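Data block for my_file04.tsv (TSV, C-alpha atoms):
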chain	number	residue	atom	x	y	z
W	102	MET	CA	23.45	91.00	90.84
W	103	ASN	CA	24.10	88.07	88.52
W	104	ILE	CA	27.16	86.51	90.15
W	105	THR	CA	27.43	82.83	89.38
W	106	THR	CA	27.86	80.13	92.01
W	107	LYS	CA	31.23	79.21	90.52
W	108	ILE	CA	32.55	82.75	90.90
W	109	GLN	CA	31.20	83.04	94.44
W	110	THR	CA	33.03	79.83	95.39
W	111	LEU	CA	36.28	80.96	93.79
W	112	ALA	CA	35.96	84.38	95.42
W	113	THR	CA	35.81	82.74	98.84
W	114	GLN	CA	38.97	80.79	98.07
W	115	ALA	CA	40.67	83.92	96.72
W	116	MET	CA	39.94	85.80	99.94
W	117	GLU	CA	41.52	83.03	101.98
W	118	ASP	CA	44.60	83.04	99.74
W	119	ILE	CA	45.34	86.78	100.04
W	120	THR	CA	45.05	87.32	103.80
W	121	ALA	CA	48.77	88.05	104.19
W	122	GLN	CA	48.76	90.57	101.32
W	123	PHE	CA	45.84	92.44	102.88
W	124	ARG	CA	47.68	92.65	106.19
W	125	LYS	CA	50.68	94.29	104.48
W	126	ILE	CA	48.42	96.78	102.72
W	127	ASP	CA	46.78	97.72	106.01
W	128	GLU	CA	50.20	98.34	107.56
W	129	ILE	CA	51.16	100.66	104.68
W	130	ALA	CA	47.86	102.53	105.01
W	131	GLN	CA	48.41	102.98	108.75
W	132	THR	CA	51.89	104.45	108.25
W	133	ASN	CA	50.75	106.77	105.47
W	134	THR	CA	47.71	107.92	107.45
W	135	GLN	CA	50.00	108.83	110.33
W	136	LYS	CA	52.20	110.82	107.92
W	137	VAL	CA	49.25	112.71	106.44
W	138	LEU	CA	47.69	113.40	109.84
W	139	ALA	CA	51.01	114.72	111.15
W	140	ALA	CA	51.21	117.14	108.20
W	141	PHE	CA	47.67	118.40	108.87
W	142	GLN	CA	48.54	119.02	112.49
W	143	LYS	CA	51.93	120.60	111.77
W	144	HIS	CA	50.43	123.18	109.42
W	145	ARG	CA	47.46	123.91	111.68
W	146	VAL	CA	44.70	123.13	109.23
W	147	SER	CA	41.44	124.80	110.28
W	148	ASP	CA	38.10	125.53	108.67
W	149	VAL	CA	39.51	128.88	107.53
W	150	CYS	CA	41.49	126.84	104.98
W	151	PHE	CA	38.21	125.76	103.37
W	152	ASN	CA	37.02	129.29	102.56
W	153	GLU	CA	36.27	130.23	98.97
W	154	THR	CA	38.32	132.78	97.06
W	155	THR	CA	37.38	134.38	93.74
W	156	GLY	CA	38.97	136.66	91.18
W	157	TYR	CA	42.74	136.72	91.50
W	158	GLY	CA	42.68	134.53	94.58
W	159	TYR	CA	45.15	136.55	96.61
W	160	ASN	CA	45.80	135.57	100.24
W	161	ASP	CA	44.21	132.15	99.87
W	162	ARG	CA	45.31	130.48	103.09
W	163	GLY	CA	43.83	127.14	102.09
W	164	ARG	CA	45.67	127.05	98.76
W	165	GLU	CA	48.96	127.94	100.44
W	166	THR	CA	48.48	125.41	103.25
W	167	LEU	CA	47.60	122.63	100.84
W	168	ASP	CA	50.89	123.24	99.02
W	169	LEU	CA	52.72	122.82	102.33
W	170	LEU	CA	50.86	119.60	103.12
W	171	PHE	CA	51.70	118.02	99.77
W	172	ALA	CA	55.35	119.04	100.10
W	173	ASP	CA	55.59	117.26	103.46
W	174	VAL	CA	53.68	114.18	102.37
W	175	MET	CA	55.60	113.82	99.10
W	176	GLY	CA	58.99	114.25	100.79
W	177	THR	CA	59.89	117.52	99.06
W	178	ASN	CA	60.48	121.11	100.12
W	179	SER	CA	57.85	122.70	97.85
W	180	ALA	CA	54.63	121.81	96.05
W	181	LEU	CA	52.03	123.26	93.72
W	182	VAL	CA	48.52	121.79	94.10
W	183	ARG	CA	45.85	123.22	91.82
W	184	ALA	CA	42.41	122.29	90.54
W	185	GLY	CA	43.49	124.12	87.38
W	186	PHE	CA	45.59	121.18	86.26
W	187	VAL	CA	43.19	119.45	83.89
W	188	ASN	CA	44.80	116.02	84.33
W	189	GLY	CA	48.01	114.28	85.31
W	190	THR	CA	49.52	114.83	81.87
W	191	HIS	CA	49.06	118.58	82.34
W	192	ALA	CA	50.88	118.50	85.69
W	193	ILE	CA	53.70	116.37	84.28
W	194	THR	CA	54.02	118.68	81.28
W	195	SER	CA	54.41	121.67	83.60
W	196	ALA	CA	57.17	119.79	85.39
W	197	LEU	CA	58.94	118.98	82.12
W	198	PHE	CA	58.87	122.58	80.93
W	199	ALA	CA	60.09	123.68	84.36
W	200	ALA	CA	63.23	121.55	84.09
W	201	LEU	CA	64.08	121.72	80.39
W	202	ARG	CA	65.29	124.48	78.09
W	203	PRO	CA	65.88	124.71	74.31
W	204	GLY	CA	68.94	122.68	73.39
W	205	ASP	CA	68.50	120.25	76.28
W	206	THR	CA	67.86	116.54	75.89
W	207	MET	CA	65.45	114.65	78.09
W	208	LEU	CA	66.29	110.99	78.61
W	209	SER	CA	63.48	108.60	79.47
W	210	ALA	CA	64.96	105.88	81.68
W	211	THR	CA	61.86	103.69	81.49
W	212	GLY	CA	61.36	103.27	77.75
W	213	ALA	CA	58.51	104.91	75.89
W	214	PRO	CA	56.30	107.08	78.09
W	215	TYR	CA	52.54	106.81	78.48
W	216	ASP	CA	50.55	107.50	75.30
W	217	THR	CA	49.30	110.99	76.17
W	218	LEU	CA	52.83	112.25	76.92
W	219	ARG	CA	54.13	111.30	73.49
W	220	GLY	CA	52.40	114.25	71.87
W	221	VAL	CA	53.72	116.53	74.62
W	222	ILE	CA	57.28	115.41	73.95
W	223	GLY	CA	56.86	115.43	70.17
W	224	ILE	CA	57.38	111.72	69.62
W	225	THR	CA	54.05	111.53	67.81
W	226	GLY	CA	52.03	114.14	65.98
W	227	GLU	CA	52.87	117.71	65.05
W	228	HIS	CA	51.37	119.43	68.05
W	229	ARG	CA	52.11	123.09	68.62
W	230	GLY	CA	53.82	123.73	71.92
W	231	SER	CA	55.49	120.30	72.21
W	232	LEU	CA	58.96	119.98	73.69
W	233	ARG	CA	60.31	119.23	70.24
W	234	GLU	CA	58.90	122.46	68.83
W	235	TYR	CA	60.83	124.32	71.52
W	236	GLY	CA	64.07	122.62	70.49
W	237	ILE	CA	64.16	120.13	73.34
W	238	GLN	CA	65.42	116.74	72.22
W	239	TYR	CA	64.31	113.34	73.43
W	240	ALA	CA	66.04	110.01	73.92
W	241	GLN	CA	65.00	106.82	75.67
W	242	VAL	CA	66.60	103.74	77.14
W	243	GLU	CA	64.70	100.50	76.75
W	244	LEU	CA	63.96	98.34	79.76
W	245	ASP	CA	65.92	95.13	80.27
W	246	SER	CA	64.58	91.65	79.55
W	247	THR	CA	62.77	91.55	82.90
W	248	GLY	CA	61.01	94.87	82.33
W	249	LYS	CA	63.24	96.71	84.79
W	250	PRO	CA	65.40	99.80	84.19
W	251	ASP	CA	68.78	99.00	82.62
W	252	LEU	CA	71.15	101.04	84.79
W	253	GLN	CA	74.20	100.31	82.67
W	254	ALA	CA	72.44	101.41	79.48
W	255	ILE	CA	71.11	104.52	81.24
W	256	GLU	CA	74.63	105.44	82.33
W	257	GLN	CA	75.96	104.93	78.81
W	258	ALA	CA	73.19	107.05	77.31
W	259	ILE	CA	73.88	109.89	79.75
W	260	ASP	CA	77.62	109.82	79.13
W	261	SER	CA	77.25	109.69	75.35
W	262	ASP	CA	75.19	112.91	75.06
W	263	SER	CA	76.43	116.02	76.84
W	264	SER	CA	73.15	117.82	76.14
W	265	THR	CA	71.23	115.49	78.46
W	266	SER	CA	69.98	117.63	81.33
W	267	ALA	CA	67.12	115.63	82.81
W	268	VAL	CA	66.13	112.01	83.35
W	269	PHE	CA	62.45	111.14	83.19
W	270	ILE	CA	61.03	108.18	85.10
W	271	GLN	CA	57.52	106.79	84.71
W	272	ARG	CA	56.64	104.96	87.91
W	273	SER	CA	53.58	103.10	86.67
W	274	ARG	CA	53.34	100.75	83.75
W	275	GLY	CA	50.98	102.70	81.50
W	276	TYR	CA	49.68	100.50	78.69
W	277	SER	CA	52.61	98.12	78.90
W	278	GLN	CA	53.26	94.85	80.66
W	279	ARG	CA	56.39	95.93	82.49
W	280	PRO	CA	56.09	96.10	86.29
W	281	SER	CA	55.71	99.38	88.10
W	282	LEU	CA	58.82	100.73	89.77
W	283	THR	CA	59.31	100.68	93.50
W	284	VAL	CA	60.59	103.80	95.21
W	285	ALA	CA	63.87	101.97	95.84
W	286	GLU	CA	64.28	101.31	92.12
W	287	ILE	CA	63.52	104.94	91.33
W	288	GLY	CA	66.18	105.88	93.89
W	289	LYS	CA	68.86	103.92	92.05
W	290	ILE	CA	68.14	105.82	88.83
W	291	ALA	CA	68.06	109.11	90.73
W	292	ASP	CA	71.44	108.41	92.32
W	293	LEU	CA	72.94	107.72	88.90
W	294	ALA	CA	71.42	110.86	87.39
W	295	HIS	CA	72.51	113.03	90.30
W	296	SER	CA	76.07	111.73	89.99
W	297	ARG	CA	76.04	113.50	86.60
W	298	ASN	CA	74.27	116.62	87.98
W	299	LEU	CA	71.07	115.87	86.08
W	300	THR	CA	67.51	116.71	87.12
W	301	VAL	CA	65.22	113.75	87.96
W	302	ILE	CA	61.54	114.06	87.01
W	303	VAL	CA	59.07	111.35	88.08
W	304	ASP	CA	55.60	110.69	86.72
W	305	ASN	CA	54.11	109.53	90.02
W	306	CYS	CA	50.60	108.76	88.71
W	307	TYR	CA	48.93	105.71	90.27
W	308	GLY	CA	51.80	105.24	92.74
W	309	GLU	CA	51.08	107.62	95.60
W	310	PHE	CA	50.57	105.95	99.01
W	311	THR	CA	51.17	102.43	97.70
W	312	GLU	CA	54.43	102.43	99.68
W	313	THR	CA	55.46	104.27	102.83
W	314	LEU	CA	57.94	106.43	100.89
W	315	GLU	CA	57.46	108.65	97.83
W	316	PRO	CA	60.05	109.48	95.13
W	317	GLY	CA	60.64	112.84	96.80
W	318	ASP	CA	61.91	111.00	99.89
W	319	ILE	CA	64.77	109.50	97.89
W	320	GLY	CA	65.81	112.63	96.04
W	321	ALA	CA	63.62	113.06	92.96
W	322	ASP	CA	63.82	116.72	91.96
W	323	LEU	CA	60.28	116.93	90.59
W	324	ILE	CA	57.31	114.58	90.89
W	325	ALA	CA	53.88	115.10	89.44
W	326	GLY	CA	50.49	113.44	89.40
W	327	SER	CA	46.73	113.72	89.25
W	328	LEU	CA	44.28	114.47	92.04
W	329	ILE	CA	41.62	112.23	90.52
W	330	LYS	CA	43.93	109.31	91.14
W	331	ASN	CA	45.39	108.27	94.49
W	332	PRO	CA	46.11	111.59	96.27
W	333	GLY	CA	42.62	112.97	95.76
W	334	GLY	CA	41.10	110.14	97.79
W	335	GLY	CA	38.11	109.84	95.46
W	336	ILE	CA	36.87	113.24	96.67
W	337	ALA	CA	38.93	115.84	94.76
W	338	PRO	CA	36.82	116.91	91.76
W	339	SER	CA	39.77	117.72	89.51
W	340	GLY	CA	43.37	118.86	89.55
W	341	GLY	CA	46.95	117.79	89.88
W	342	TYR	CA	50.16	118.51	91.72
W	343	VAL	CA	53.84	119.14	91.15
W	344	ALA	CA	56.22	118.71	94.10
W	345	GLY	CA	59.96	119.05	94.38
W	346	GLU	CA	62.75	121.58	94.63
W	347	GLY	CA	61.52	125.13	95.20
W	348	GLU	CA	63.00	126.78	92.08
W	349	LEU	CA	61.69	124.02	89.84
W	350	VAL	CA	58.22	124.12	91.41
W	351	ASP	CA	58.20	127.89	90.90
W	352	ALA	CA	59.05	127.33	87.25
W	353	ALA	CA	56.20	124.82	86.95
W	354	ALA	CA	53.84	127.39	88.47
W	355	ALA	CA	54.97	129.93	85.87
W	356	ARG	CA	54.11	127.39	83.19
W	357	LEU	CA	50.67	126.77	84.69
W	358	THR	CA	49.89	130.49	84.97
W	359	VAL	CA	52.39	133.07	83.66
W	360	PRO	CA	55.91	134.21	84.53
W	361	GLY	CA	55.90	136.85	87.24
W	362	ILE	CA	52.70	135.54	88.81
W	363	GLY	CA	53.25	131.81	89.17
W	364	ALA	CA	51.63	130.38	92.30
W	365	GLU	CA	50.55	133.74	93.73
W	366	CYS	CA	47.23	133.84	91.86
W	367	GLY	CA	44.45	131.36	91.26
W	368	ALA	CA	41.06	131.46	92.92
W	369	THR	CA	40.09	128.16	94.47
W	370	LEU	CA	36.35	128.72	93.92
W	371	GLY	CA	35.22	126.66	96.88
W	372	VAL	CA	37.04	123.38	96.15
W	373	ASN	CA	39.62	123.64	98.95
W	374	ARG	CA	37.70	121.52	101.42
W	375	LEU	CA	37.38	118.72	98.89
W	376	LEU	CA	41.11	118.77	98.18
W	377	PHE	CA	42.00	118.71	101.89
W	378	GLN	CA	39.49	115.98	102.63
W	379	GLY	CA	40.64	113.97	99.63
W	380	LEU	CA	44.27	114.09	100.76
W	381	PHE	CA	43.25	113.03	104.27
W	382	MET	CA	41.33	110.04	102.86
W	383	ALA	CA	43.96	109.14	100.28
W	384	PRO	CA	46.00	106.53	102.21
W	385	HIS	CA	42.83	104.60	103.11
W	386	VAL	CA	41.24	104.84	99.68
W	387	THR	CA	44.50	103.82	97.99
W	388	ALA	CA	44.57	100.77	100.25
W	389	GLN	CA	41.04	99.89	99.13
W	390	ALA	CA	42.15	100.08	95.50
W	391	MET	CA	45.21	97.92	96.22
W	392	LYS	CA	43.06	95.29	97.91
W	393	THR	CA	40.71	95.30	94.93
W	394	ALA	CA	43.68	94.76	92.60
W	395	VAL	CA	45.06	91.88	94.67
W	396	PHE	CA	41.65	90.21	94.79
W	397	CYS	CA	41.28	90.62	91.04
W	398	ALA	CA	44.67	89.03	90.47
W	399	ARG	CA	43.92	86.02	92.66
W	400	LEU	CA	40.41	85.40	91.34
W	401	PHE	CA	41.56	85.47	87.72
W	402	GLU	CA	44.59	83.31	88.53
W	403	LEU	CA	42.16	80.73	89.85
W	404	LEU	CA	40.25	81.06	86.58
W	405	GLY	CA	43.46	80.34	84.64
W	406	TYR	CA	44.31	83.80	83.31
W	407	LYS	CA	47.70	85.49	83.29
W	408	THR	CA	47.84	88.46	85.63
W	409	SER	CA	50.38	91.15	86.36
W	410	PRO	CA	51.26	91.82	89.10
W	411	SER	CA	50.47	88.40	90.48
W	412	SER	CA	48.53	88.21	93.71
W	413	LEU	CA	51.81	87.62	95.58
W	414	ASP	CA	53.92	90.38	94.00
W	415	THR	CA	55.06	93.54	95.74
W	416	ARG	CA	53.10	96.51	94.39
W	417	SER	CA	54.04	100.11	93.70
W	418	ASP	CA	50.91	101.27	91.92
W	419	ILE	CA	47.20	100.45	91.87
W	420	ILE	CA	47.06	99.00	88.35
W	421	GLN	CA	46.18	95.35	87.76
W	422	THR	CA	46.31	93.68	84.37
W	423	VAL	CA	44.53	90.57	83.20
W	424	GLU	CA	45.49	89.07	79.85
W	425	LEU	CA	42.22	87.97	78.24
W	426	GLY	CA	43.39	86.90	74.81
W	427	SER	CA	40.49	88.07	72.66
W	428	PRO	CA	38.54	91.24	71.93
W	429	GLU	CA	35.30	89.49	72.88
W	430	LEU	CA	36.49	88.59	76.37
W	431	LEU	CA	37.95	92.04	76.81
W	432	ARG	CA	34.57	93.60	76.03
W	433	LYS	CA	32.82	91.22	78.44
W	434	PHE	CA	35.27	91.99	81.21
W	435	CYS	CA	34.73	95.73	80.80
W	436	ARG	CA	30.96	95.32	80.62
W	437	GLY	CA	31.05	93.35	83.87
W	438	ILE	CA	33.04	96.11	85.57
W	439	GLN	CA	30.51	98.63	84.30
W	440	LEU	CA	27.68	96.56	85.77
W	441	GLY	CA	29.31	96.91	89.17
W	442	ALA	CA	29.48	100.71	89.02
W	443	PRO	CA	27.31	102.97	91.18
W	444	VAL	CA	26.97	105.42	88.27
W	445	ASP	CA	25.95	104.50	84.71
W	446	SER	CA	25.79	100.79	85.50
W	447	TYR	CA	23.27	100.40	82.65
W	448	VAL	CA	25.73	101.69	80.03
W	449	THR	CA	27.51	99.27	77.68
W	450	PRO	CA	31.13	100.34	77.08
W	451	GLU	CA	32.35	100.16	73.49
W	452	PRO	CA	35.78	100.89	71.95
W	453	TRP	CA	36.31	104.43	70.60
W	454	ASP	CA	39.06	106.59	69.17
W	455	MET	CA	40.13	108.39	72.33
W	456	PRO	CA	42.28	111.53	71.89
W	457	GLY	CA	45.97	110.86	72.57
W	458	TYR	CA	45.88	107.14	71.71
W	459	ASP	CA	46.92	105.34	68.53
W	460	CYS	CA	44.16	102.70	68.52
W	461	PRO	CA	40.58	102.34	69.77
W	462	VAL	CA	40.29	102.16	73.55
W	463	ILE	CA	37.51	100.56	75.58
W	464	MET	CA	36.80	102.05	78.98
W	465	ALA	CA	34.50	100.91	81.77
W	466	ALA	CA	33.93	103.54	84.42
W	467	GLY	CA	30.87	104.46	86.38
W	468	ALA	CA	32.40	107.15	88.51
W	469	PHE	CA	31.16	110.00	90.66
W	470	ILE	CA	34.01	112.07	89.17
W	471	GLN	CA	34.50	111.76	85.44
W	472	GLY	CA	37.67	109.85	84.59
W	473	ALA	CA	38.65	109.28	88.22
W	474	SER	CA	41.04	106.33	88.11
W	475	ILE	CA	40.89	105.87	91.87
W	476	GLU	CA	37.28	104.76	91.38
W	477	LEU	CA	36.83	101.26	90.00
W	478	SER	CA	37.47	101.30	86.28
W	479	ALA	CA	38.93	99.16	83.54
W	480	ASP	CA	40.28	100.19	80.19
W	481	ALA	CA	42.37	98.74	77.43
W	482	PRO	CA	43.68	99.48	73.98
W	483	LEU	CA	41.99	97.16	71.52
W	484	ARG	CA	45.14	95.36	70.44
W	485	GLU	CA	46.81	92.04	71.17
W	486	PRO	CA	47.11	90.38	73.64
W	487	TYR	CA	43.84	92.12	74.67
W	488	ARG	CA	44.98	92.96	78.15
W	489	ALA	CA	42.60	94.70	80.55
W	490	TYR	CA	44.02	97.39	82.84
W	491	LEU	CA	42.03	97.66	86.03
W	492	GLN	CA	42.46	100.26	88.71
W	493	GLY	CA	40.67	101.79	91.65
W	494	GLY	CA	37.91	100.91	94.04
W	495	LEU	CA	36.72	103.51	96.55
W	496	THR	CA	35.78	100.65	98.86
W	497	PHE	CA	37.07	97.11	98.66
W	498	GLU	CA	33.58	95.74	99.15
W	499	SER	CA	32.29	97.45	96.00
W	500	GLY	CA	35.49	96.70	94.10
W	501	LYS	CA	35.18	93.03	94.95
W	502	LEU	CA	31.62	92.94	93.60
W	503	GLY	CA	32.74	94.60	90.38
W	504	ILE	CA	35.48	92.02	89.87
W	505	MET	CA	33.06	89.15	90.51
W	506	LEU	CA	30.58	90.60	88.01
W	507	ALA	CA	33.34	90.90	85.41
W	508	ALA	CA	34.32	87.27	85.95
W	509	SER	CA	30.68	86.13	85.82
W	510	SER	CA	30.04	88.02	82.59
W	511	MET	CA	32.87	86.10	80.92
W	512	GLU	CA	31.68	82.64	81.84
W	513	ASP	CA	29.40	82.28	78.83
W	514	ARG	CA	31.94	82.80	76.08
W	515	ASP	CA	29.41	82.40	73.30
W	516	THR	CA	27.34	85.47	74.11
Could you quickly redo this structure as structure tokens?
Amino acid sequence: MNITTKIQTLATQAMEDITAQFRKIDEIAQTNTQKVLAAFQKHRVSDVCFNETTGYGYNDRGRETLDLLFADVMGTNSALVRAGFVNGTHAITSALFAALRPGDTMLSATGAPYDTLRGVIGITGEHRGSLREYGIQYAQVELDSTGKPDLQAIEQAIDSDSSTSAVFIQRSRGYSQRPSLTVAEIGKIADLAHSRNLTVIVDNCYGEFTETLEPGDIGADLIAGSLIKNPGGGIAPSGGYVAGEGELVDAAAARLTVPGIGAECGATLGVNRLLFQGLFMAPHVTAQAMKTAVFCARLFELLGYKTSPSSLDTRSDIIQTVELGSPELLRKFCRGIQLGAPVDSYVTPEPWDMPGYDCPVIMAAGAFIQGASIELSADAPLREPYRAYLQGGLTFESGKLGIMLAASSMEDRDT
């Protein structure tokens, strides 16, 4: 591996600088592992849960038990965990349709949502089946000057529109520079929404197991996310989850399948063991990704780049940004990450017009599972200020090497 002497020296310094942050991450992982293990024991997981079902999938003990595990771990009374969710956006969409009806207004408390949800809502495009096509209106409250939710503006927006029935919260930053939300911050919005008898829906992607509490623990009515991010532990081959209040989860299941069947059908086709094992590994693997992000932040701070979060900041998701300032450096960063991948390390990532995005996107990912954001990857929209969004790392050791390769690849700025 072509890691320069300069980067090796700075990496050693970075590791010394982030010892305290690593200790905190280990403590979070220990608490979350205890929580997950307790759920496995409570619901008497056995190898019978790993059996394959086909056809309609009736009487699938593993599928039913996995729902119970996720409900406990996510702090809710019900959950729907299915490999049939094609991505996190699909799971979130099921949650939105579960909570909203024609004539309702959904209020986003965290500004504009992530790019792929904009078509779902009907903010962009003329997609059939969007919320807007079903007569569901949308409003948003911009974040304050610090990138945090503006509680006063949220309250005013709720009180000014009697059709508002649900408040949507995006925990992670998406392709923006605002910080991710802590569970405590989500709780403040939830308390405000509940004081007006509104439903609270949380996009929990990238945030699971980064703290010792989940949004369900502080009263979120519905939370949703992807199994090829944190809660799949790098093992789940596909899927997503919706967790929350029983009636709302049932409604999400009816959206995923059909009314009258909901969660009662759905063959698991032999993937149950992977989903159970992924959940069991998730607290540890998420900790590895968090350590990779902290190391990335510190190394690039030493190199003089602007990072968010900083290496000292409290974290509530696994995403790390590095502001690179030019398309050339952005390409080099992504190529270096690709060089550190166990899969497709020989591939050169190039920007492309990715569905659901309004500009070319460059993506570096050499993953065992296609698109798995819990595995080391970096992506970015090709627009100013040319900010790379890094996430994942199944092991810190491999993540660290990928970061060092990215930094080394940028040293020669003329190539």
Discussion item. Applying 10 Å and only C-alpha atoms, which residues near Ala352 in chain W remain after dropping the ones on its own chain fewer than 2 positions away? List them as a VMD selection string.
Written reply: chain W and resid 195 to 200 347 to 350 354 to 360 363 to 364
Item to complete: State, in Å with one decimal place, the distance from CA of Thr134 in chain W to CA of Gln421 in chain W.
Response: 23.4 Å
Worksheet item: Nearest to Asp251 in chain W: which of W:Gly379, W:Ile290, W:Ser263, W:Thr113 is it, counting only C-alpha atoms?
Response: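 Closest residue, counting only C-alpha atoms: W:Ile290.
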Worksheet item: With all atoms listed in the file as the basis for distance, which of W:Gln122, W:Ser339, W:Thr211, W:Gln142 is at the shortest distance from Ser411 in chain W?
Response: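 Closest residue, counting all atoms listed in the file: W:Gln122.
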Item to complete: Quote the spacing between CA of Val448 in chain W and CA of Phe396 in chain W in Å to one decimal place.
Response: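 CA of Phe396 in chain W lies at a distance of 24.6 Å from CA of Val448 in chain W.
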Worksheet item: So which residues touch Ser409 in chain W within 12 Å, counting all atoms listed in the file, skipping near sequence neighbours fewer than 6 positions away, as a list of chain:residue names?
Response: W:Gly248, W:Arg274, W:Ser277, W:Gln278, W:Arg279, W:Pro280, W:Ser281, W:Ala394, W:Val395, W:Cys397, W:Ala398, W:Arg399, W:Phe401, W:Glu402, W:Thr415, W:Arg416, W:Asp418, W:Ile419, W:Ile420, W:Gln421, W:Thr422, W:Val423, W:Glu424, W:Leu425, W:Arg488, W:Ala489, W:Tyr490, W:Leu491
Fill in: d(CA of Val372 in chain W, CA of Gly176 in chain W) in Å
24.2 Å
For range 320-348 of chain W versus range 460-481 of chain W, which residues have an atom no more than 8 Å away, and what is each residue's nearest atom pair and distance in Å rounded to one decimal, using all atoms listed in the file, chain-then-number order, as CSV?
residue,atom,partner,partner_atom,distance
W:Ile329,CA,W:Ala473,CA,4.8
W:Lys330,CA,W:Ile475,CA,4.6
W:Asn331,CA,W:Ile475,CA,5.7
W:Gly334,CA,W:Ile475,CA,7.3
W:Gly335,CA,W:Ile475,CA,6.0
W:Pro338,CA,W:Ile470,CA,6.2
Worksheet item: Which one is closest to Pro214 in chain W: W:Gln135, W:Gln271, W:Asn298, W:Ser510? Count only C-alpha atoms.
Response: W:Gln271
Practice prompt. Would you list the contacts of Leu400 in chain W as JSON, numbers by chain, taking every protein, DNA or RNA residue within 8 Å and counting all atoms listed in the file, but skipping same-chain residues closer than 6 positions in sequence?
Written response: {"W": [111, 112, 115]}
For the residues in the current selection, export C-alpha atoms as a PDB file, in the coordinates of the input.
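Contents of again.pdb, freshly written:
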ATOM      1  CA  LEU W 111      36.280  80.960  93.790  1.00  0.00           C
ATOM      2  CA  ALA W 112      35.960  84.380  95.420  1.00  0.00           C
ATOM      3  CA  ALA W 115      40.670  83.920  96.720  1.00  0.00           C
TER       4      ALA W 115
END
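Checking W:Glu512, W:Gly320, W:Ser412, W:Ala344 one by one against Leu299 in chain W, counting all atoms listed in the file, you find the shortest gap at W:Gly320.
With all atoms listed in the file as the atoms that count, the minimum distance from Asp322 in chain W to the choices W:Glu128, W:Asp161, W:Asp292, W:Glu243 is reached by W:Asp292.
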Item to complete: Using all atoms listed in the file, find the one residue out of W:Leu170, W:Met116, W:Ala285, W:Cys435 that sits nearest to Val182 in chain W.
Response: W:Leu170
Discussion item. From (54.1, 103.8, 98.6), in the file's coordinates, out to 8 Å: which residues are reached, counting all atoms listed in the file? Answer as a ChimeraX atom specification.
Written reply: /W:129,283-284,308-315,417-418
Will you give me range 179-203 of chain W, written with C-alpha atoms and laid out as a short mmCIF file (atom, residue, chain, number, x, y, z; two decimals), in the first residue's frame?
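Produced file result-v2.cif, reproduced below:
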data_model
loop_
_atom_site.label_atom_id
_atom_site.label_comp_id
_atom_site.auth_asym_id
_atom_site.auth_seq_id
_atom_site.Cartn_x
_atom_site.Cartn_y
_atom_site.Cartn_z
CA SER W 179 -43.75 -2.89 17.77
CA ALA W 180 -41.47 -3.31 14.75
CA LEU W 181 -41.48 -4.52 11.16
CA VAL W 182 -38.14 -5.88 9.91
CA ARG W 183 -38.07 -7.14 6.34
CA ALA W 184 -35.53 -7.93 3.66
CA GLY W 185 -38.25 -6.78 1.25
CA PHE W 186 -37.53 -3.14 2.01
CA VAL W 187 -35.24 -2.25 -0.88
CA ASN W 188 -33.51 0.58 1.00
CA GLY W 189 -33.94 3.03 3.84
CA THR W 190 -36.00 5.38 1.68
CA HIS W 191 -38.48 2.55 1.10
CA ALA W 192 -38.83 1.92 4.85
CA ILE W 193 -39.22 5.64 5.59
CA THR W 194 -41.82 5.97 2.82
CA SER W 195 -43.85 3.15 4.36
CA ALA W 196 -43.73 5.01 7.67
CA LEU W 197 -44.88 8.25 6.06
CA PHE W 198 -47.83 6.61 4.33
CA ALA W 199 -48.70 4.87 7.59
CA ALA W 200 -49.04 8.17 9.45
CA LEU W 201 -50.47 10.50 6.80
CA ARG W 202 -53.80 10.72 5.00
CA PRO W 203 -55.12 12.89 2.14
#
